[in-house]
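Below is structure-v7.txt, holding compact mmCIF, C-alpha atoms and all ligand atoms.
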```txt
# COMPACT_ATOMS: atom_id res chain seq x y z
CA MET A 1 -16.22 77.83 86.57
CA LYS A 2 -14.96 76.47 89.87
CA TYR A 3 -12.15 74.48 88.26
CA ASP A 4 -10.09 75.17 85.17
CA VAL A 5 -10.44 71.59 84.00
CA GLU A 6 -13.30 69.16 84.60
CA ILE A 7 -12.69 65.50 83.77
CA PHE A 8 -15.12 62.60 83.71
CA LEU A 9 -13.24 59.34 83.26
CA PHE A 10 -15.33 56.32 82.34
CA ILE A 11 -13.81 52.96 83.28
CA ASP A 12 -15.92 50.12 81.92
CA ALA A 13 -16.65 47.37 84.49
CA LEU A 14 -14.95 49.06 87.45
CA GLY A 15 -17.30 47.66 90.07
CA TRP A 16 -17.92 48.84 93.63
CA GLU A 17 -16.66 45.52 95.04
CA LEU A 18 -13.34 45.81 93.21
CA VAL A 19 -12.87 49.44 94.28
CA GLU A 20 -13.71 48.64 97.90
CA ARG A 21 -11.46 45.63 98.17
CA SER A 22 -8.51 47.13 96.32
CA GLY A 23 -8.81 50.60 97.88
CA PHE A 24 -8.26 51.98 94.38
CA MET A 25 -7.05 55.62 94.60
CA LYS A 26 -8.72 56.33 97.92
CA GLU A 27 -6.39 59.22 98.78
CA ARG A 28 -6.66 61.03 95.46
CA LEU A 29 -10.37 60.28 95.00
CA PRO A 30 -11.77 60.20 98.55
CA TYR A 31 -15.41 60.88 97.66
CA ARG A 32 -16.87 57.59 96.49
CA ARG A 33 -20.22 55.95 96.27
CA LYS A 34 -21.84 52.73 95.17
CA ILE A 35 -23.95 53.29 92.05
CA GLU A 36 -26.86 51.22 90.80
CA MET A 37 -26.12 49.65 87.47
CA GLN A 38 -28.33 50.28 84.46
CA PHE A 39 -30.07 46.98 83.70
CA GLY A 40 -28.58 45.53 80.52
CA TYR A 41 -25.10 45.65 79.03
CA SER A 42 -22.59 48.33 78.14
CA SER A 43 -24.56 48.82 74.93
CA THR A 44 -27.47 49.80 77.20
CA ALA A 45 -25.48 51.80 79.75
CA ILE A 46 -23.45 53.93 77.29
CA PRO A 47 -26.51 55.57 75.67
CA THR A 48 -27.92 56.11 79.18
CA ILE A 49 -24.68 57.76 80.34
CA LEU A 50 -24.52 59.91 77.23
CA SER A 51 -28.12 61.12 77.47
CA GLY A 52 -29.50 60.51 80.97
CA LYS A 53 -32.39 58.59 79.39
CA THR A 54 -33.58 55.11 80.31
CA PRO A 55 -33.44 52.25 77.77
CA ALA A 56 -37.23 52.52 77.48
CA GLU A 57 -36.67 56.08 76.26
CA HIS A 58 -33.56 55.67 74.07
CA GLY A 59 -34.47 52.22 72.72
CA HIS A 60 -31.16 50.39 73.32
CA LEU A 61 -31.31 47.17 75.33
CA GLY A 62 -29.53 44.35 73.53
CA LEU A 63 -27.48 45.01 70.39
CA PHE A 64 -29.75 42.77 68.30
CA ARG A 65 -33.51 42.89 68.40
CA PHE A 66 -36.01 40.47 66.86
CA ALA A 67 -37.71 42.71 64.28
CA PRO A 68 -38.17 41.10 60.82
CA GLU A 69 -39.85 44.23 59.40
CA ALA A 70 -36.92 46.46 60.40
CA SER A 71 -34.00 44.15 59.63
CA PRO A 72 -31.29 45.74 57.48
CA PHE A 73 -29.64 42.33 56.96
CA LYS A 74 -31.87 40.77 54.30
CA ALA A 75 -29.17 40.80 51.61
CA LEU A 76 -26.62 39.29 53.98
CA ALA A 77 -28.99 36.51 54.97
CA ARG A 78 -29.34 35.58 51.30
CA ILE A 79 -25.65 34.69 51.08
CA ALA A 80 -25.79 32.78 54.40
CA PRO A 81 -26.04 29.34 52.70
CA LEU A 82 -22.70 30.07 51.02
CA LEU A 83 -21.00 30.56 54.38
CA TRP A 84 -20.20 26.92 54.88
CA PRO A 85 -18.92 25.02 56.82
CA ALA A 86 -20.32 26.79 59.88
CA SER A 87 -17.34 25.70 61.98
CA PHE A 88 -15.14 27.95 59.86
CA TRP A 89 -17.49 30.94 59.66
CA ASN A 90 -18.22 30.84 63.39
CA ARG A 91 -14.57 31.18 64.39
CA GLY A 92 -13.93 34.33 66.41
CA ARG A 93 -11.39 35.82 64.03
CA VAL A 94 -13.46 35.11 60.94
CA ARG A 95 -16.50 36.67 62.62
CA ASN A 96 -14.48 39.76 63.58
CA LEU A 97 -13.35 40.23 60.01
CA LEU A 98 -16.86 39.65 58.71
CA SER A 99 -18.24 42.13 61.27
CA ARG A 100 -15.89 44.79 59.90
CA LEU A 101 -17.01 44.08 56.32
CA VAL A 102 -20.70 44.15 57.26
CA LYS A 103 -20.22 47.40 59.20
CA ARG A 104 -18.58 49.02 56.18
CA PHE A 105 -21.14 47.60 53.74
CA TYR A 106 -24.08 49.03 55.69
CA GLY A 107 -22.29 52.25 56.60
CA PHE A 108 -22.81 51.71 60.34
CA THR A 109 -20.80 54.19 62.42
CA GLY A 110 -21.62 52.70 65.82
CA TYR A 111 -20.11 49.70 67.56
CA PHE A 112 -20.84 46.67 65.41
CA GLN A 113 -20.09 43.04 66.14
CA LEU A 114 -21.90 39.94 64.82
CA TYR A 115 -20.81 37.88 67.83
CA GLN A 116 -22.35 34.42 67.29
CA MET A 117 -25.67 35.55 65.85
CA PRO A 118 -26.58 32.79 63.37
CA PHE A 119 -26.50 34.06 59.77
CA ARG A 120 -29.86 32.51 58.96
CA LYS A 121 -31.46 34.54 61.78
CA LEU A 122 -29.93 37.84 60.74
CA ALA A 123 -32.70 38.65 58.23
CA LEU A 124 -35.10 38.69 61.19
CA MET A 125 -32.95 40.95 63.36
CA ASP A 126 -32.52 44.68 63.68
CA TYR A 127 -29.33 46.16 65.11
CA CYS A 128 -29.69 49.03 67.55
CA GLU A 129 -26.30 50.73 67.43
CA LYS A 130 -26.15 51.70 63.76
CA ARG A 131 -24.95 55.18 64.61
CA ASP A 132 -21.99 56.45 66.61
CA LEU A 133 -23.62 57.37 69.94
CA PHE A 134 -20.75 59.75 70.78
CA ALA A 135 -21.10 61.78 67.57
CA ALA A 136 -23.17 64.95 67.19
CA HIS A 137 -26.85 63.94 66.81
CA GLY A 138 -25.69 60.34 67.34
CA MET A 139 -28.88 59.63 69.30
CA GLY A 140 -31.26 61.33 66.89
CA GLU A 141 -33.80 63.55 68.63
CA ILE A 142 -32.29 62.86 72.04
CA GLU A 143 -29.60 65.31 73.07
CA ASN A 144 -26.35 63.50 73.83
CA LEU A 145 -23.21 64.66 75.61
CA ARG A 146 -21.58 66.05 72.47
CA ASP A 147 -24.73 67.97 71.47
CA LEU A 148 -24.84 69.43 74.96
CA LEU A 149 -21.16 70.44 74.90
CA LEU A 150 -21.44 71.97 71.44
CA ARG A 151 -24.42 74.01 72.64
CA SER A 152 -22.52 75.15 75.75
CA GLY A 153 -19.64 76.63 73.78
CA ARG A 154 -17.20 75.13 76.27
CA PRO A 155 -13.91 73.85 74.79
CA PHE A 156 -14.11 70.10 75.22
CA HIS A 157 -12.62 66.76 74.35
CA ILE A 158 -14.42 63.40 74.09
CA SER A 159 -12.35 60.23 73.69
CA ASP A 160 -12.43 58.20 70.52
CA TRP A 161 -13.97 54.87 71.60
CA HIS A 162 -12.37 53.08 68.62
CA ILE A 163 -8.86 53.35 70.10
CA GLY A 164 -7.20 51.78 73.12
CA ASP A 165 -6.92 53.16 76.65
CA GLN A 166 -3.28 54.22 76.33
CA ARG A 167 -3.98 56.38 73.29
CA ASN A 168 -7.06 57.82 74.94
CA PHE A 169 -5.10 58.97 77.99
CA ALA A 170 -2.44 60.45 75.67
CA ALA A 171 -5.17 62.29 73.72
CA ALA A 172 -6.60 63.60 77.01
CA ARG A 173 -3.22 65.01 78.10
CA GLN A 174 -2.95 66.65 74.70
CA ALA A 175 -6.42 68.17 75.15
CA ILE A 176 -5.38 69.63 78.53
CA ALA A 177 -2.27 71.12 76.89
CA GLU A 178 -4.48 72.64 74.20
CA GLY A 179 -6.61 74.38 76.81
CA LYS A 180 -9.75 72.23 76.71
CA SER A 181 -11.76 72.64 79.90
CA PHE A 182 -14.16 69.64 79.83
CA LEU A 183 -12.97 66.12 79.10
CA PHE A 184 -14.88 62.86 78.83
CA ILE A 185 -12.39 60.00 78.72
CA TYR A 186 -13.60 56.57 77.66
CA THR A 187 -11.71 53.39 78.59
CA ALA A 188 -12.82 49.78 78.11
CA GLU A 189 -9.80 47.53 78.60
CA LEU A 190 -10.52 46.68 82.25
CA ASP A 191 -13.82 45.12 81.15
CA ALA A 192 -12.06 42.70 78.78
CA LEU A 193 -9.60 41.70 81.52
CA LEU A 194 -12.29 41.19 84.15
CA HIS A 195 -14.23 38.89 81.83
CA GLN A 196 -11.11 36.72 81.95
CA TYR A 197 -10.11 37.28 85.61
CA PRO A 198 -13.26 38.12 87.55
CA VAL A 199 -12.16 36.73 90.89
CA LEU A 200 -10.98 39.38 93.30
CA ILE A 201 -8.20 40.44 92.84
CA ASP A 202 -6.11 38.75 90.22
CA GLU A 203 -2.56 39.90 89.61
CA ALA A 204 -3.48 40.99 86.07
CA ILE A 205 -6.24 43.19 87.49
CA ARG A 206 -3.97 44.64 90.16
CA LYS A 207 -1.46 45.59 87.48
CA LYS A 208 -4.14 47.18 85.31
CA LEU A 209 -5.46 49.22 88.26
CA GLU A 210 -1.93 50.44 88.96
CA TRP A 211 -1.67 51.43 85.32
CA TYR A 212 -4.93 53.40 85.55
CA ARG A 213 -3.65 55.10 88.70
CA ASP A 214 -0.47 56.19 86.90
CA GLU A 215 -2.43 57.48 83.93
CA ILE A 216 -4.82 59.40 86.19
CA GLU A 217 -1.84 60.91 88.04
CA SER A 218 -0.44 61.97 84.68
CA LEU A 219 -3.61 64.01 84.06
CA PHE A 220 -3.05 65.86 87.33
CA ALA A 221 0.61 66.41 86.37
CA GLU A 222 -0.42 67.80 82.99
CA CYS A 223 -2.81 70.27 84.63
CA ASP A 224 -0.11 71.26 87.15
CA LYS A 225 2.23 72.01 84.29
CA PHE A 226 -0.16 74.68 83.07
CA HIS A 227 -1.18 75.80 86.59
CA ARG A 228 -4.76 74.69 85.94
CA SER A 229 -6.95 73.30 88.72
CA LEU A 230 -8.58 69.93 88.07
CA ARG A 231 -11.71 68.23 89.32
CA LEU A 232 -11.69 64.59 88.30
CA THR A 233 -14.56 62.12 88.59
CA VAL A 234 -14.33 58.43 87.73
CA ILE A 235 -17.57 56.74 86.67
CA SER A 236 -18.39 53.15 85.73
CA ASP A 237 -21.35 51.22 84.40
CA HIS A 238 -21.28 47.88 86.22
CA GLY A 239 -19.11 45.32 87.99
CA MET A 240 -18.33 41.72 87.07
CA THR A 241 -19.88 38.49 88.36
CA PRO A 242 -17.85 35.24 88.35
CA LEU A 243 -19.33 32.28 86.46
CA THR A 244 -21.20 29.76 88.63
CA ARG A 245 -22.91 27.61 85.98
CA THR A 246 -24.37 27.65 82.48
CA ALA A 247 -27.91 27.11 81.20
CA ASP A 248 -28.85 25.92 77.71
CA LEU A 249 -32.14 27.71 77.18
CA LYS A 250 -31.81 27.44 73.44
CA SER A 251 -32.04 23.63 73.28
CA ALA A 252 -34.96 23.67 75.69
CA ILE A 253 -36.87 26.11 73.48
CA GLU A 254 -35.95 24.34 70.24
CA LYS A 255 -37.23 21.05 71.67
CA THR A 256 -40.77 22.49 71.80
CA GLY A 257 -40.95 22.15 68.00
CA LEU A 258 -41.89 25.83 67.66
CA VAL A 259 -40.38 27.42 64.56
CA PHE A 260 -38.14 30.45 64.95
CA GLY A 261 -39.49 33.34 62.89
CA ARG A 262 -42.90 31.74 62.46
CA ASP A 263 -44.05 30.96 66.01
CA TYR A 264 -41.62 33.04 68.02
CA GLY A 265 -38.50 35.13 67.84
CA CYS A 266 -35.87 35.67 70.47
CA CYS A 267 -32.45 36.99 71.32
CA TYR A 268 -30.18 34.97 73.55
CA ASP A 269 -27.96 37.47 75.36
CA SER A 270 -25.37 36.20 77.84
CA THR A 271 -27.59 36.65 80.88
CA LEU A 272 -31.07 37.21 79.53
CA LEU A 273 -33.47 35.95 76.93
CA ARG A 274 -35.79 38.37 75.14
CA ALA A 275 -38.70 36.47 73.61
CA THR A 276 -41.33 37.61 71.12
CA PHE A 277 -44.42 35.45 70.77
CA LEU A 278 -45.89 35.33 67.25
CA THR A 279 -48.67 32.82 67.90
CA PRO A 280 -51.01 32.36 70.90
CA GLU A 281 -49.40 28.97 71.65
CA ALA A 282 -45.82 30.21 71.67
CA GLY A 283 -45.93 32.06 74.98
CA PRO A 284 -47.26 29.19 77.12
CA ALA A 285 -45.02 26.64 75.33
CA ILE A 286 -41.84 28.66 75.90
CA ARG A 287 -42.76 29.39 79.51
CA GLU A 288 -43.30 25.66 80.01
CA ALA A 289 -39.99 24.83 78.29
CA LEU A 290 -38.11 27.09 80.69
CA ARG A 291 -39.78 25.77 83.82
CA PRO A 292 -36.74 23.53 84.59
CA PHE A 293 -34.65 26.71 84.82
CA ALA A 294 -36.76 28.22 87.59
CA ASP A 295 -33.92 27.43 90.00
CA CYS A 296 -31.49 29.71 88.13
CA GLY A 297 -33.56 32.43 86.52
CA HIS A 298 -36.99 34.06 86.28
CA TRP A 299 -39.35 35.96 83.98
CA LEU A 300 -39.27 39.66 84.75
CA SER A 301 -42.53 41.10 86.04
CA GLU A 302 -43.94 44.32 84.61
CA GLU A 303 -43.02 45.97 87.91
CA GLU A 304 -39.38 44.90 87.50
CA GLU A 305 -39.27 46.09 83.88
CA LYS A 306 -40.59 49.49 85.02
CA ARG A 307 -38.15 49.69 87.93
CA TYR A 308 -35.21 48.89 85.60
CA GLY A 309 -36.31 51.47 83.02
CA ILE A 310 -36.88 48.88 80.30
CA TYR A 311 -40.67 48.71 80.13
CA ARG A 312 -42.02 49.55 76.68
CA ALA A 313 -45.69 49.38 75.81
CA ASP A 314 -44.77 48.55 72.18
CA ARG A 315 -42.84 45.48 73.46
CA SER A 316 -39.93 46.24 71.11
CA PHE A 317 -37.59 44.67 73.72
CA GLY A 318 -39.65 41.47 73.48
CA ASP A 319 -42.92 40.25 74.96
CA ALA A 320 -41.14 38.62 77.88
CA ILE A 321 -37.64 38.70 79.36
CA PHE A 322 -36.06 35.81 81.24
CA LEU A 323 -33.18 36.91 83.47
CA MET A 324 -30.59 34.48 84.81
CA ASP A 325 -29.55 34.54 88.49
CA PRO A 326 -26.17 36.19 89.21
CA GLY A 327 -23.34 34.00 87.89
CA VAL A 328 -25.45 31.86 85.55
CA GLN A 329 -24.65 32.35 81.86
CA ILE A 330 -26.78 31.34 78.89
CA VAL A 331 -24.64 28.99 76.78
CA PRO A 332 -24.79 28.83 73.86
CA SER A 333 -26.03 32.36 73.27
CA ASP A 334 -26.03 34.77 70.35
CA MET A 335 -23.03 36.33 72.06
CA GLY A 336 -20.84 33.24 72.40
CA LEU A 337 -20.61 29.48 72.19
CA ARG A 338 -18.66 29.16 75.42
CA PRO A 339 -19.05 30.81 78.83
CA LEU A 340 -16.65 33.51 80.03
CA ASN A 341 -15.07 33.41 83.50
CA GLY A 342 -16.99 36.56 84.37
CA MET A 343 -20.06 38.31 83.01
CA HIS A 344 -22.26 41.32 83.72
CA GLY A 345 -25.87 41.99 82.85
CA PHE A 346 -27.46 40.37 85.93
CA ALA A 347 -29.89 41.96 88.39
CA PRO A 348 -28.73 45.49 89.28
CA GLU A 349 -29.29 44.72 92.99
CA ASP A 350 -26.60 42.02 93.01
CA LYS A 351 -23.46 43.08 94.88
CA ASP A 352 -21.17 42.24 91.96
CA SER A 353 -23.31 44.33 89.58
CA GLN A 354 -22.83 47.60 91.48
CA ALA A 355 -20.97 50.37 89.68
CA VAL A 356 -19.05 53.22 91.28
CA ILE A 357 -18.51 56.97 91.17
CA MET A 358 -15.43 58.48 92.82
CA SER A 359 -14.14 62.00 92.78
CA THR A 360 -11.71 64.59 94.06
CA ASP A 361 -14.75 66.60 95.10
CA GLU A 362 -18.04 66.06 96.85
CA ILE A 363 -20.64 64.13 94.85
CA PRO A 364 -24.21 65.50 95.03
CA PRO A 365 -26.45 63.14 97.04
CA GLU A 366 -28.91 62.65 94.18
CA VAL A 367 -26.33 60.75 92.10
CA ARG A 368 -27.37 57.14 92.83
CA HIS A 369 -27.82 55.47 89.46
CA VAL A 370 -25.86 55.26 86.19
CA ALA A 371 -28.63 57.36 84.61
CA ASP A 372 -27.76 60.21 87.03
CA TYR A 373 -24.26 60.81 85.60
CA PHE A 374 -25.63 62.84 82.73
CA ALA A 375 -27.38 65.38 84.97
CA LEU A 376 -24.16 65.73 86.97
CA MET A 377 -22.12 66.35 83.81
CA LYS A 378 -24.74 68.82 82.60
CA GLN A 379 -24.56 70.70 85.88
CA ARG A 380 -20.74 70.77 85.78
CA ILE A 381 -20.68 71.91 82.14
CA ALA A 382 -22.93 74.83 83.07
CA GLU A 383 -20.80 75.92 86.07
ZN ZN A 401 -18.08 43.42 79.29
```
What is this structure when it is put down as structure tokens?
Ligand SMILES: [Zn+2]
Amino acid sequence: MKYDVEIFLFIDALGWELVERSGFMKERLPYRRKIEMQFGYSSTAIPTILSGKTPAEHGHLGLFRFAPEASPFKALARIAPLLWPASFWNRGRVRNLLSRLVKRFYGFTGYFQLYQMPFRKLALMDYCEKRDLFAAHGMGEIENLRDLLLRSGRPFHISDWHIGDQRNFAAARQAIAEGKSFLFIYTAELDALLHQYPVLIDEAIRKKLEWYRDEIESLFAECDKFHRSLRLTVISDHGMTPLTRTADLKSAIEKTGLVFGRDYGCCYDSTLLRATFLTPEAGPAIREALRPFADCGHWLSEEEEKRYGIYRADRSFGDAIFLMDPGVQIVPSDMGLRPLNGMHGFAPEDKDSQAVIMSTDEIPPEVRHVADYFALMKQRIAE
């Protein structure tokens, strides 16, 4: 073991652009590199970070997936007509409460949120994060970070993703005091702020970065207290792209007269549409319906799907995926009825999509993509 304590700190949505422009912690963490985002959302990137596998391998792309045969929500869909008027049941706070009830009812241990998924469509949808990805065997057959750490015998600490950043830093300091030697700290509050203030660099963001800096310094101070050496590496999953315009793909598709669940199925994420064609006519009709959006989005080619690690021969991510250009949000979507000031989930090549790794120590040259973090952690755990 080269260092007494090894810390990987995950900061959701800390993008390369933000780090470059703000000079965030460049003295303490001088080794830094732009990292290619995992195509998709945090719900795609987290399982990739925790296992090193691509979405094609671990099966998580969007949270919901059109899959009538696999839907666990049939009972819930039956009570959908009772949830009226829709204006009440679609309110954010009501949906949050309902999400908690549904999560408990089904015994889901993973992150669960209904967002704005229409109740009547739920019976046709599967949900991919039923299990806690951070728990032992949380990814089934695929070995995740906790499985790996348990196997290594190394005393470790993994943050509880249910709690806020402040409590997670406090728990990490406690873990150092208890003699743990490998820590994975999870933080997600910067992401929520950047969705609100994506333009570089808002005062609220500056303050939050200063807060992270202080918390990171406190980890060094805690190690110093016990005369333990520390190697700290910050990792992120993506950046944030400011809103440029919105696109109503849903109305365009509904105008075709095709029936959802009979002719086609689809999931409207914030930046991409995943479509499943159930009849021979559906594919051409939907492609035709989206032709007016050719100036702000495109259908992914098979080559792109393969390059982004999302190509599946069984087409469980949909028969075709329409990706919006950077800055363009699908509104309304299953995620929200209004656009956010900033969003992620665009093409990984876009400058605002780029994630970052930064460390007290040299970063091996092969770490280029979010999917490479796992191999680095594995290597460090074995040292
Ligand atoms: Zn986000």
> Residues at most 9 Å from Phe220 (chain A), counting only C-alpha atoms, excluding those fewer than 5 positions away in the same chain, as a VMD selection string?
Replying inline: chain A and resid 225 229 to 230 232
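Distance check against ligand ZN 401 (chain A) using all atoms listed in the file: of A:Thr241, A:Thr233, A:Ser99, A:Thr48, the minimum falls on A:Thr241.
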> So which residues are near ligand ZN 401 (chain A), meaning at most 9 Å away with all atoms listed in the file counted, given back as an MDAnalysis selection string?
Replying inline: chainID A and resid 12:13 41:42 188 190:195 238:240 342:345
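Minimum atom-to-atom distances from A:Tyr127, A:Phe156, A:Trp16, A:Phe322 to Phe66 (chain A) were compared using only C-alpha atoms, and the lowest value belongs to A:Tyr127.
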> Using all atoms listed in the file, which of the listed residues (A:Glu305, A:Phe134, A:Ile321, A:Leu278) sits closest to Leu290 (chain A)?
Replying inline: A:Ile321
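Nearest residue to Ala320 (chain A), choosing from A:Lys351, A:Tyr197, A:Gly283, A:Asp334 and counting all atoms listed in the file: A:Gly283.
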> Skipping near chain neighbours, those fewer than 2 positions away, what residues fall within 12 Å of Ile363 (chain A) using only C-alpha atoms, listed as a list of chain:residue names?
Replying inline: A:Leu29, A:Pro30, A:Tyr31, A:Arg32, A:Arg33, A:Lys34, A:Ile35, A:Arg231, A:Leu232, A:Thr233, A:Val234, A:Ile235, A:Val356, A:Ile357, A:Met358, A:Ser359, A:Thr360, A:Asp361, A:Pro365, A:Glu366, A:Val367, A:Arg368, A:Asp372, A:Tyr373, A:Leu376, A:Met377, A:Gln379, A:Arg380
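Atom pair CA of Trp84 (chain A) / CA of Leu122 (chain A): separated by 15.8 Å.
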>> So, with all atoms listed in the file as the atoms that count, which of A:Ser159, A:Ser333, A:Ser270, A:Gln354 lies closest to Glu20 (chain A)?
In response: A:Gln354
>> I want to know what sits within 10 Å of region 22-25 of chain A, based on only C-alpha atoms, with residues of the same chain fewer than 4 positions away left out; could you give that as a PyMOL selection string?
In response: chain A and resi 16-18+29-30+200-201+205-206+209-210+212-213+216-217+358-359
> Leu149 (chain A): which residues within 12 Å, counting all atoms listed in the file, same-chain residues fewer than 3 positions away excluded, as number ranges by chain?
Replying inline: A: 50-51, 134-137, 143-146, 152-158, 180-184, 374, 377-382
>> Give me, as number ranges by chain, all polymer residues having an atom no more than 10 Å from Arg338 (chain A), counting all atoms listed in the file and skipping those fewer than 5 positions away in the same chain.
In response: A: 246, 329-333
>> So, with all atoms listed in the file as the atoms that count, which of A:Gln196, A:Asp4, A:Tyr111, A:Ala313 lies closest to His162 (chain A)?
In response: A:Tyr111
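As for CA of Gly265 (chain A) and CA of Ala252 (chain A), they are spaced 14.3 Å apart.
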